[in-house]
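Structure file coords13.txt (compact mmCIF, C-alpha atoms) is printed below.
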# COMPACT_ATOMS: atom_id res chain seq x y z
CA MET W 79 0.07 68.33 45.07
CA LYS W 80 2.71 67.94 42.37
CA TYR W 81 1.78 67.63 38.71
CA LEU W 82 3.87 66.18 35.90
CA ILE W 83 2.64 67.24 32.45
CA PHE W 84 3.65 65.17 29.43
CA GLY W 85 3.61 67.16 26.20
CA LYS W 86 4.96 70.68 25.69
CA GLY W 87 2.43 71.62 23.02
CA TYR W 88 -0.58 73.92 23.00
CA ILE W 89 -2.60 72.17 25.71
CA GLY W 90 0.26 71.08 27.95
CA THR W 91 1.60 74.63 28.20
CA LYS W 92 -1.88 75.93 29.10
CA PHE W 93 -1.97 73.59 32.11
CA LEU W 94 1.54 74.66 33.06
CA GLU W 95 0.53 78.34 32.95
CA LYS W 96 -2.39 77.67 35.23
CA LEU W 97 -0.60 75.37 37.69
CA GLY W 98 2.62 77.38 37.96
CA PRO W 99 5.32 76.06 40.33
CA SER W 100 3.23 73.04 41.35
CA ALA W 101 3.81 71.55 37.89
CA VAL W 102 6.70 70.31 35.79
CA ILE W 103 6.37 69.82 32.03
CA THR W 104 8.33 67.34 29.97
CA SER W 105 8.76 66.28 26.35
CA THR W 106 9.63 62.72 27.42
CA ASP W 107 8.62 60.08 24.87
CA ILE W 108 5.54 58.54 26.48
CA GLY W 109 5.90 55.41 24.37
CA ASN W 110 9.34 54.67 25.82
CA ILE W 111 8.73 52.90 29.13
CA SER W 112 12.32 53.37 30.30
CA GLU W 113 12.18 57.14 29.78
CA VAL W 114 8.76 57.34 31.45
CA GLU W 115 9.97 55.33 34.46
CA THR W 116 13.00 57.61 34.80
CA ILE W 117 11.07 60.90 34.76
CA ILE W 118 8.45 59.50 37.14
CA ALA W 119 11.17 58.40 39.57
CA THR W 120 12.91 61.77 39.31
CA GLU W 121 9.87 64.04 39.68
CA LYS W 122 7.71 61.84 41.97
CA PRO W 123 4.39 63.40 40.89
CA ASP W 124 1.03 62.96 42.58
CA ILE W 125 -0.82 63.60 39.30
CA VAL W 126 0.23 62.94 35.72
CA ILE W 127 -1.46 64.87 32.90
CA ASN W 128 -0.98 63.42 29.44
CA ALA W 129 -1.20 66.19 26.86
CA ALA W 130 1.18 64.49 24.43
CA GLY W 131 0.05 63.20 21.05
CA LYS W 132 0.05 63.74 17.31
CA THR W 133 -2.53 66.03 15.74
CA GLY W 134 -0.50 66.61 12.58
CA LYS W 135 1.05 69.72 11.09
CA PRO W 136 -0.40 71.78 9.61
CA ASN W 137 -3.51 69.60 10.20
CA ILE W 138 -4.74 66.03 10.61
CA ASP W 139 -4.11 65.23 6.93
CA TRP W 140 -0.50 64.66 8.06
CA CYS W 141 -1.68 61.69 10.12
CA GLU W 142 -3.03 59.95 7.01
CA ASP W 143 0.51 59.79 5.61
CA HIS W 144 2.19 59.10 8.97
CA LYS W 145 0.03 56.38 10.47
CA LYS W 146 2.87 54.64 12.30
CA GLU W 147 3.94 57.80 14.16
CA THR W 148 0.32 58.76 14.88
CA LEU W 149 -0.52 55.31 16.26
CA TYR W 150 2.61 55.32 18.42
CA SER W 151 1.90 58.74 19.95
CA ASN W 152 -1.88 58.49 20.30
CA VAL W 153 -2.34 54.84 21.29
CA THR W 154 0.92 53.15 22.32
CA GLY W 155 2.12 56.15 24.34
CA PRO W 156 -0.98 56.61 26.50
CA LEU W 157 -1.09 52.87 27.24
CA VAL W 158 2.57 52.81 28.29
CA LEU W 159 2.08 55.90 30.45
CA SER W 160 -1.05 54.48 32.08
CA LYS W 161 0.79 51.23 32.86
CA VAL W 162 3.55 53.10 34.69
CA CYS W 163 1.08 55.32 36.56
CA ILE W 164 -0.99 52.35 37.70
CA GLU W 165 2.07 50.44 38.86
CA HIS W 166 3.28 53.44 40.87
CA GLN W 167 -0.23 54.34 42.13
CA ILE W 168 -0.11 57.77 40.49
CA ARG W 169 -3.34 59.40 39.36
CA MET W 170 -3.46 60.00 35.62
CA VAL W 171 -5.41 62.42 33.46
CA HIS W 172 -5.57 61.82 29.71
CA ILE W 173 -6.48 64.64 27.33
CA GLY W 174 -8.73 62.92 24.85
CA SER W 175 -10.80 64.19 21.95
CA GLY W 176 -14.47 64.59 21.14
CA CYS W 177 -13.61 64.41 17.43
CA ILE W 178 -14.66 60.76 17.29
CA TYR W 179 -18.26 61.32 16.20
CA GLN W 180 -19.99 62.57 13.09
CA GLY W 181 -23.43 64.17 13.32
CA GLY W 182 -25.48 67.34 13.16
CA SER W 183 -26.99 69.45 15.91
CA GLU W 184 -29.89 66.99 16.19
CA ASP W 185 -27.39 64.38 17.48
CA THR W 186 -25.91 65.17 20.89
CA TYR W 187 -23.29 62.67 22.01
CA SER W 188 -22.80 61.66 25.62
CA GLU W 189 -19.82 59.93 27.19
CA THR W 190 -21.56 56.55 26.92
CA ASP W 191 -22.22 56.79 23.18
CA LYS W 192 -19.90 54.48 21.27
CA PRO W 193 -18.48 56.00 18.08
CA ASP W 194 -19.52 54.24 14.89
CA PRO W 195 -16.32 52.82 13.35
CA ASN W 196 -17.75 53.41 9.88
CA GLN W 197 -18.28 57.11 10.60
CA ILE W 198 -15.00 57.98 12.31
CA PRO W 199 -13.73 60.43 9.70
CA SER W 200 -9.93 60.23 9.91
CA PHE W 201 -7.03 58.10 11.07
CA TYR W 202 -6.31 60.70 13.75
CA SER W 203 -9.85 60.34 15.11
CA LYS W 204 -9.59 56.55 14.97
CA THR W 205 -6.49 56.60 17.16
CA LYS W 206 -8.20 58.87 19.70
CA ALA W 207 -11.21 56.54 19.80
CA TRP W 208 -8.98 53.47 20.21
CA SER W 209 -6.97 54.96 23.07
CA GLU W 210 -10.12 56.19 24.83
CA GLU W 211 -11.70 52.74 24.64
CA MET W 212 -8.62 50.95 25.99
CA LEU W 213 -7.95 53.47 28.76
CA SER W 214 -11.60 53.31 29.86
CA TYR W 215 -10.90 49.94 31.51
CA PHE W 216 -8.59 51.59 34.03
CA PRO W 217 -9.27 54.01 36.93
CA LEU W 218 -8.11 57.25 35.35
CA LEU W 219 -9.69 60.50 34.18
CA GLN W 220 -10.22 61.18 30.48
CA VAL W 221 -11.35 64.64 29.36
CA ARG W 222 -12.59 65.20 25.83
CA LEU W 223 -11.45 68.39 24.12
CA ARG W 224 -13.08 69.82 20.98
CA MET W 225 -12.01 72.59 18.61
CA PRO W 226 -10.03 74.60 21.18
CA ILE W 227 -10.32 78.37 21.28
CA ASP W 228 -8.58 80.88 23.51
CA GLU W 229 -7.45 84.51 23.52
CA ASN W 230 -3.97 83.90 22.10
CA PRO W 231 -3.38 84.16 18.33
CA GLN W 232 -1.48 81.02 17.35
CA PRO W 233 -1.91 78.23 14.76
CA ARG W 234 -3.45 75.66 17.15
CA ASN W 235 -6.25 78.03 18.10
CA LEU W 236 -9.46 77.40 16.09
CA LEU W 237 -10.02 81.14 15.86
CA TRP W 238 -6.61 81.62 14.24
CA LYS W 239 -7.25 78.70 11.90
CA ILE W 240 -10.58 79.78 10.51
CA THR W 241 -9.47 83.38 10.02
CA HIS W 242 -6.60 82.09 7.88
CA TYR W 243 -8.53 79.60 5.75
CA GLU W 244 -9.50 80.62 2.23
CA LYS W 245 -12.91 79.01 2.72
CA ILE W 246 -14.76 77.49 5.67
CA ILE W 247 -17.53 74.99 6.21
CA SER W 248 -20.29 76.08 8.55
CA VAL W 249 -21.98 73.30 10.52
CA PRO W 250 -22.84 73.10 14.24
CA ASN W 251 -20.02 72.02 16.55
CA SER W 252 -19.09 71.91 20.20
CA ILE W 253 -16.19 74.12 21.26
CA SER W 254 -13.79 74.00 24.21
CA VAL W 255 -12.75 77.44 25.43
CA ILE W 256 -9.31 76.58 26.79
CA PRO W 257 -9.31 78.58 30.06
CA ASP W 258 -12.67 76.95 30.89
CA PHE W 259 -11.43 73.52 29.81
CA VAL W 260 -8.35 73.75 32.05
CA GLU W 261 -10.35 75.03 35.01
CA ALA W 262 -12.99 72.29 34.67
CA THR W 263 -10.36 69.58 34.34
CA LEU W 264 -8.58 70.75 37.49
CA LYS W 265 -11.91 70.71 39.35
CA LEU W 266 -12.47 67.11 38.26
CA ILE W 267 -8.97 66.25 39.48
CA THR W 268 -9.66 67.89 42.85
CA MET W 269 -12.88 65.88 43.07
CA GLU W 270 -10.84 62.72 42.31
CA LYS W 271 -13.11 61.81 39.42
CA THR W 272 -12.34 59.03 36.98
CA GLY W 273 -13.94 58.03 33.70
CA ILE W 274 -14.73 60.04 30.58
CA TYR W 275 -16.06 63.61 30.56
CA ASN W 276 -17.00 65.89 27.69
CA VAL W 277 -15.34 69.17 28.62
CA VAL W 278 -16.87 71.63 26.17
CA ASN W 279 -18.82 74.82 26.61
CA PRO W 280 -22.60 74.27 26.49
CA GLY W 281 -24.40 74.90 23.23
CA HIS W 282 -23.15 74.62 19.70
CA ILE W 283 -21.92 77.14 17.15
CA THR W 284 -20.91 77.29 13.49
CA HIS W 285 -17.70 78.68 12.04
CA ALA W 286 -19.74 81.35 10.26
CA GLU W 287 -21.22 82.50 13.58
CA ILE W 288 -17.73 82.71 15.07
CA LEU W 289 -16.47 84.76 12.13
CA ASP W 290 -19.47 87.07 12.29
CA MET W 291 -18.48 87.73 15.90
CA TYR W 292 -14.90 88.25 14.73
CA LYS W 293 -16.17 90.94 12.34
CA LYS W 294 -18.14 92.57 15.15
CA TYR W 295 -15.41 92.63 17.79
CA ILE W 296 -12.12 92.62 15.86
CA ASP W 297 -12.23 93.49 12.17
CA SER W 298 -15.38 94.85 10.52
CA ASN W 299 -13.74 94.53 7.10
CA PHE W 300 -13.03 90.82 7.45
CA GLU W 301 -14.64 88.68 4.77
CA TYR W 302 -15.04 84.92 4.51
CA GLU W 303 -16.34 82.44 1.97
CA LEU W 304 -18.31 79.26 2.66
CA PHE W 305 -18.07 75.92 0.93
CA SER W 306 -19.84 72.60 1.36
CA LEU W 307 -18.72 69.42 3.10
CA LYS W 308 -18.45 67.74 -0.31
CA GLU W 309 -16.18 70.53 -1.54
CA LEU W 310 -14.07 70.15 1.61
CA GLU W 311 -13.74 66.41 1.07
CA ALA W 312 -12.39 67.08 -2.42
CA VAL W 313 -9.40 69.06 -1.10
CA THR W 314 -8.50 67.14 2.09
CA LYS W 315 -7.08 63.66 2.66
CA ALA W 316 -8.90 63.10 5.94
CA GLY W 317 -12.52 63.68 6.81
CA ARG W 318 -13.30 66.24 9.51
CA SER W 319 -15.39 65.51 12.58
CA ASN W 320 -18.47 67.67 13.09
CA CYS W 321 -20.49 66.94 16.20
CA VAL W 322 -22.19 68.28 19.31
CA LEU W 323 -21.30 66.85 22.73
CA SER W 324 -23.55 66.70 25.77
CA THR W 325 -22.41 68.59 28.88
CA LYS W 326 -24.92 66.95 31.23
CA LYS W 327 -22.42 64.65 32.98
CA LEU W 328 -20.09 67.56 33.68
CA GLU W 329 -22.96 69.73 34.91
CA ASP W 330 -24.19 66.90 37.15
CA GLU W 331 -20.84 67.24 38.95
CA GLY W 332 -21.64 70.89 39.60
CA ILE W 333 -19.29 72.17 36.89
CA VAL W 334 -21.22 74.52 34.62
CA LEU W 335 -19.23 76.31 31.94
CA PRO W 336 -20.42 79.51 30.20
CA GLU W 337 -22.59 78.96 27.12
CA ILE W 338 -20.46 79.29 24.00
CA HIS W 339 -22.28 82.29 22.46
CA GLU W 340 -22.03 84.15 25.77
CA ARG W 341 -18.36 83.28 26.29
CA LEU W 342 -16.90 84.09 22.88
CA PRO W 343 -17.30 87.90 22.94
CA GLU W 344 -14.98 88.08 25.96
CA ILE W 345 -12.46 85.77 24.30
CA LEU W 346 -12.58 87.80 21.08
CA GLN W 347 -11.99 91.08 22.87
CA ASP W 348 -8.94 89.64 24.61
CA TYR W 349 -7.79 88.11 21.30
CA LYS W 350 -7.94 91.57 19.72
CA LYS W 351 -5.70 92.99 22.46
CA ASN W 352 -3.17 90.22 21.83
CA LEU W 353 -3.11 91.00 18.11
CA LEU W 354 -1.76 94.48 18.83
How does the structure come out when it is put into structure tokens?
Amino acid sequence: MKYLIFGKGYIGTKFLEKLGPSAVITSTDIGNISEVETIIATEKPDIVINAAGKTGKPNIDWCEDHKKETLYSNVTGPLVLSKVCIEHQIRMVHIGSGCIYQGGSEDTYSETDKPDPNQIPSFYSKTKAWSEEMLSYFPLLQVRLRMPIDENPQPRNLLWKITHYEKIISVPNSISVIPDFVEATLKLITMEKTGIYNVVNPGHITHAEILDMYKKYIDSNFEYELFSLKELEAVTKAGRSNCVLSTKKLEDEGIVLPEIHERLPEILQDYKKNLL
């Protein structure tokens, strides 16, 4: 089985690390149908994984000022790529986002819940919701990622982010531990599943809980300061999604990930080793 991964960013490289020589990764512009056709013809993949897209640097506020580029990468690109894959009868996996809802721990969102357009908090999230909706009409696999965490200190890792913020909000959220996310996605591919799946670790956790674990396992002298959602809104251009996703559909397939509070201590201990 040969994989072609589009997108050389944080998530694409994680799939490459796991798949090894069975995968090729490319930075091909997924919105350019000629370039996509060329790389497909050259590599002849069995599976295409789309991990390309704009999340904004340093954060999604960038997308508010660069709507054209964000729309092109997050909506036009996936549609072009899916068109080519369908025409060539190549299975496609799209890395989507669970950051299309807004709700507390009392609201658990399943794959069939439609996001409320009035509550989608940012232009980035809107583009992810739009692409998910349009791609859902075709026989491909979409996996929703949320607030990724792994053992490697780098700016795309939620753990790195919240340890570098001056202040944090602390509300319940679903988290995707990246090694688990990659493993679960590859299982879904092996099972030839299509449709939308929430691929997050069961349970929900707050940023404060994560940082308390950080203090326990990595740096007992670490301090953090909380602020409210209203205070956050005053210093950001885009709203931030806070939500809890259901893992029932994934578990019904026999894929049960470790509960987030049980999984994080192991990740934090490995993170500490990588800080040295």
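For the pair CA of Ser252 (chain W) and CA of Asn137 (chain W), the interatomic distance is 18.7 Å.
You will find CA of Asp124 (chain W) at 5.7 Å from CA of Ile168 (chain W).
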List as a compact mmCIF listing (two decimals) with C-alpha atoms, keeping the file's coordinate frame the protein and nucleic acid residues near Glu344 (chain W), meaning an atom at most 12 Å away when all atoms listed in the file are counted, but skip any in the same chain fewer than 5 places from it.
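out_27.txt, freshly written:
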# COMPACT_ATOMS: atom_id res chain seq x y z
CA ILE W 227 -10.32 78.37 21.28
CA ASP W 228 -8.58 80.88 23.51
CA GLU W 229 -7.45 84.51 23.52
CA VAL W 255 -12.75 77.44 25.43
CA PRO W 257 -9.31 78.58 30.06
CA MET W 291 -18.48 87.73 15.90
CA TYR W 292 -14.90 88.25 14.73
CA TYR W 295 -15.41 92.63 17.79
CA ILE W 296 -12.12 92.62 15.86
CA PRO W 336 -20.42 79.51 30.20
CA GLU W 337 -22.59 78.96 27.12
CA ILE W 338 -20.46 79.29 24.00
CA HIS W 339 -22.28 82.29 22.46
CA TYR W 349 -7.79 88.11 21.30
CA LYS W 350 -7.94 91.57 19.72
CA LYS W 351 -5.70 92.99 22.46
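Here CA of Gly317 (chain W) stands at a distance of 18.2 Å from CA of Pro226 (chain W).
Summary of the local environment: counting only C-alpha atoms, residues at most 12 Å from Thr91 (chain W), other than itself and those fewer than 3 positions away along its chain, are Leu82, Ile83, Phe84, Gly85, Lys86, Gly87, Tyr88, Leu94, Glu95, Lys96, Leu97, Gly98, Ala101, Val102, Ile103, Thr104, Ser105, Ile127, Asn128, Ala129, Ala130, Ile256, Pro257 and Val260 of chain W.
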Min atom-atom distance to Lys92 (chain W) from the set W:Asn230, W:Arg224, W:Pro193, W:Ser160, counting only C-alpha atoms, belongs to W:Asn230
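Of the residues under consideration (W:Thr284, W:Ala119, W:Ser188, W:Trp238), W:Trp238 shows the shortest atom-to-atom contact distance to Leu353 (chain W) when counting all atoms listed in the file.
Within 10 Å of the point (-18.6, 74.8, 10.4), and counting all atoms listed in the file, the protein, DNA and RNA residues are W:Ile240, W:Ile246, W:Ile247, W:Ser248, W:Val249, W:Pro250, W:Asn251, W:Ile283, W:Thr284, W:His285, W:Ala286, W:Glu287, W:Ile288, W:Leu304, W:Phe305, W:Ser306, W:Leu307, W:Asn320, W:Cys321.
Distances to Cys141 (chain W) were evaluated for W:Pro231, W:Glu244, W:Lys315, W:Ile117 using all atoms listed in the file, and the minimum falls at W:Lys315.
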Checklist line | Close residues, Arg169 (chain W) itself excluded, 8 Å, all atoms listed in the file, min 5 positions apart in chain, as a VMD selection string | finding: chain W and resid 124 to 126 163 to 164 218
Please, could you write that set of residues out with C-alpha atoms as a PDB file, in the frame of the given file?
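Full text of part_36.pdb as output:
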ATOM      1  CA  ASP W 124       1.030  62.960  42.580  1.00  0.00           C
ATOM      2  CA  ILE W 125      -0.820  63.600  39.300  1.00  0.00           C
ATOM      3  CA  VAL W 126       0.230  62.940  35.720  1.00  0.00           C
ATOM      4  CA  CYS W 163       1.080  55.320  36.560  1.00  0.00           C
ATOM      5  CA  ILE W 164      -0.990  52.350  37.700  1.00  0.00           C
ATOM      6  CA  LEU W 218      -8.110  57.250  35.350  1.00  0.00           C
TER       7      LEU W 218
END
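Comparing the minimum interatomic distances between Asp330 (chain W) and each of W:Leu346, W:Gly90, W:Asn276, W:Glu309, counting all atoms listed in the file, we find that W:Asn276 sits nearest.
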Exercise for review: For His242 (chain W), list every protein, DNA or RNA residue within 12 Å, evaluated using only C-alpha atoms, and leave out those in the same chain fewer than 3 positions away; present the list as a PyMOL selection string.
Suggested key: chain W and resi 231-239+245-246+289+300-303
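Each of W:Ile118, W:Lys206, W:Ser183, W:Met170 was checked against Leu149 (chain W) using all atoms listed in the file; the smallest atom-to-atom distance is that of W:Lys206.
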Which polymer residues have any atom within 7 Å of an atom of Ser214 (chain W), counting only C-alpha atoms, with same-chain residues fewer than 3 positions away left out, as number ranges by chain?
-> W: 210-211, 273
Requested in this report: Could you pull out every residue with an atom within 6 Å of (2.5, 64.0, 20.0), file coordinates, counting all atoms listed in the file, and send them as JSON, numbers by chain?
Outcome: {"W": [130, 131, 132, 151]}
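Using all atoms listed in the file, the smallest distance between any of W:Tyr202, W:Ile108, W:Lys308, W:Gly281 and His144 (chain W) comes from W:Tyr202.
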Residue rebuild result region 88-123 of chain W, N, CA and C atoms as a short mmCIF file (atom, residue, chain, number, x, y, z; two decimals), in the frame of the given file:
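What follows is the written file part_32.cif:
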data_model
loop_
_atom_site.label_atom_id
_atom_site.label_comp_id
_atom_site.auth_asym_id
_atom_site.auth_seq_id
_atom_site.Cartn_x
_atom_site.Cartn_y
_atom_site.Cartn_z
N TYR W 88 0.44 72.90 22.72
CA TYR W 88 -0.58 73.92 23.00
C TYR W 88 -1.30 73.67 24.33
N ILE W 89 -1.81 72.45 24.52
CA ILE W 89 -2.60 72.17 25.71
C ILE W 89 -1.74 72.00 26.95
N GLY W 90 -0.63 71.29 26.80
CA GLY W 90 0.26 71.08 27.95
C GLY W 90 0.74 72.39 28.55
N THR W 91 1.10 73.34 27.70
CA THR W 91 1.60 74.63 28.20
C THR W 91 0.49 75.44 28.88
N LYS W 92 -0.76 75.23 28.45
CA LYS W 92 -1.88 75.93 29.10
C LYS W 92 -2.06 75.42 30.54
N PHE W 93 -1.90 74.13 30.74
CA PHE W 93 -1.97 73.59 32.11
C PHE W 93 -0.80 74.10 32.94
N LEU W 94 0.37 74.17 32.33
CA LEU W 94 1.54 74.66 33.06
C LEU W 94 1.34 76.10 33.50
N GLU W 95 0.79 76.94 32.61
CA GLU W 95 0.53 78.34 32.95
C GLU W 95 -0.42 78.46 34.13
N LYS W 96 -1.40 77.61 34.16
CA LYS W 96 -2.39 77.67 35.23
C LYS W 96 -1.83 77.12 36.55
N LEU W 97 -1.08 76.04 36.47
CA LEU W 97 -0.60 75.37 37.69
C LEU W 97 0.65 76.00 38.28
N GLY W 98 1.43 76.69 37.46
CA GLY W 98 2.62 77.38 37.96
C GLY W 98 3.64 76.44 38.58
N PRO W 99 4.22 76.82 39.73
CA PRO W 99 5.32 76.06 40.33
C PRO W 99 4.93 74.67 40.85
N SER W 100 3.64 74.37 40.90
CA SER W 100 3.23 73.04 41.35
C SER W 100 3.34 72.01 40.24
N ALA W 101 3.74 72.46 39.04
CA ALA W 101 3.81 71.55 37.89
C ALA W 101 5.17 71.58 37.21
N VAL W 102 5.51 70.44 36.64
CA VAL W 102 6.70 70.31 35.79
C VAL W 102 6.21 69.77 34.45
N ILE W 103 6.76 70.28 33.36
CA ILE W 103 6.37 69.82 32.03
C ILE W 103 7.55 69.14 31.36
N THR W 104 7.27 68.11 30.59
CA THR W 104 8.33 67.34 29.97
C THR W 104 7.96 66.94 28.55
N SER W 105 8.96 66.78 27.71
CA SER W 105 8.76 66.28 26.35
C SER W 105 9.19 64.82 26.25
N THR W 106 9.28 64.14 27.38
CA THR W 106 9.63 62.72 27.42
C THR W 106 8.75 61.92 26.47
N ASP W 107 9.34 60.97 25.78
CA ASP W 107 8.62 60.08 24.87
C ASP W 107 7.75 59.14 25.68
N ILE W 108 6.43 59.34 25.63
CA ILE W 108 5.54 58.54 26.48
C ILE W 108 5.42 57.09 26.01
N GLY W 109 5.91 56.80 24.84
CA GLY W 109 5.90 55.41 24.37
C GLY W 109 7.12 54.62 24.80
N ASN W 110 8.09 55.31 25.38
CA ASN W 110 9.34 54.67 25.82
C ASN W 110 9.24 54.43 27.33
N ILE W 111 9.00 53.19 27.72
CA ILE W 111 8.73 52.90 29.13
C ILE W 111 9.92 53.22 30.02
N SER W 112 11.12 53.06 29.51
CA SER W 112 12.32 53.37 30.30
C SER W 112 12.39 54.86 30.60
N GLU W 113 12.15 55.68 29.58
CA GLU W 113 12.18 57.14 29.78
C GLU W 113 11.06 57.59 30.71
N VAL W 114 9.89 56.98 30.58
CA VAL W 114 8.76 57.34 31.45
C VAL W 114 9.07 56.97 32.90
N GLU W 115 9.61 55.76 33.10
CA GLU W 115 9.97 55.33 34.46
C GLU W 115 10.98 56.28 35.09
N THR W 116 11.94 56.73 34.29
CA THR W 116 13.00 57.61 34.80
C THR W 116 12.43 58.96 35.24
N ILE W 117 11.60 59.58 34.40
CA ILE W 117 11.07 60.90 34.76
C ILE W 117 10.10 60.81 35.93
N ILE W 118 9.36 59.72 36.01
CA ILE W 118 8.45 59.50 37.14
C ILE W 118 9.26 59.36 38.44
N ALA W 119 10.33 58.60 38.38
CA ALA W 119 11.17 58.40 39.57
C ALA W 119 11.85 59.69 39.99
N THR W 120 12.22 60.51 39.02
CA THR W 120 12.91 61.77 39.31
C THR W 120 11.96 62.81 39.91
N GLU W 121 10.79 62.97 39.29
CA GLU W 121 9.87 64.04 39.68
C GLU W 121 8.92 63.65 40.80
N LYS W 122 8.63 62.35 40.92
CA LYS W 122 7.71 61.84 41.97
C LYS W 122 6.38 62.62 42.02
N PRO W 123 5.64 62.64 40.92
CA PRO W 123 4.39 63.40 40.89
C PRO W 123 3.25 62.71 41.62
#
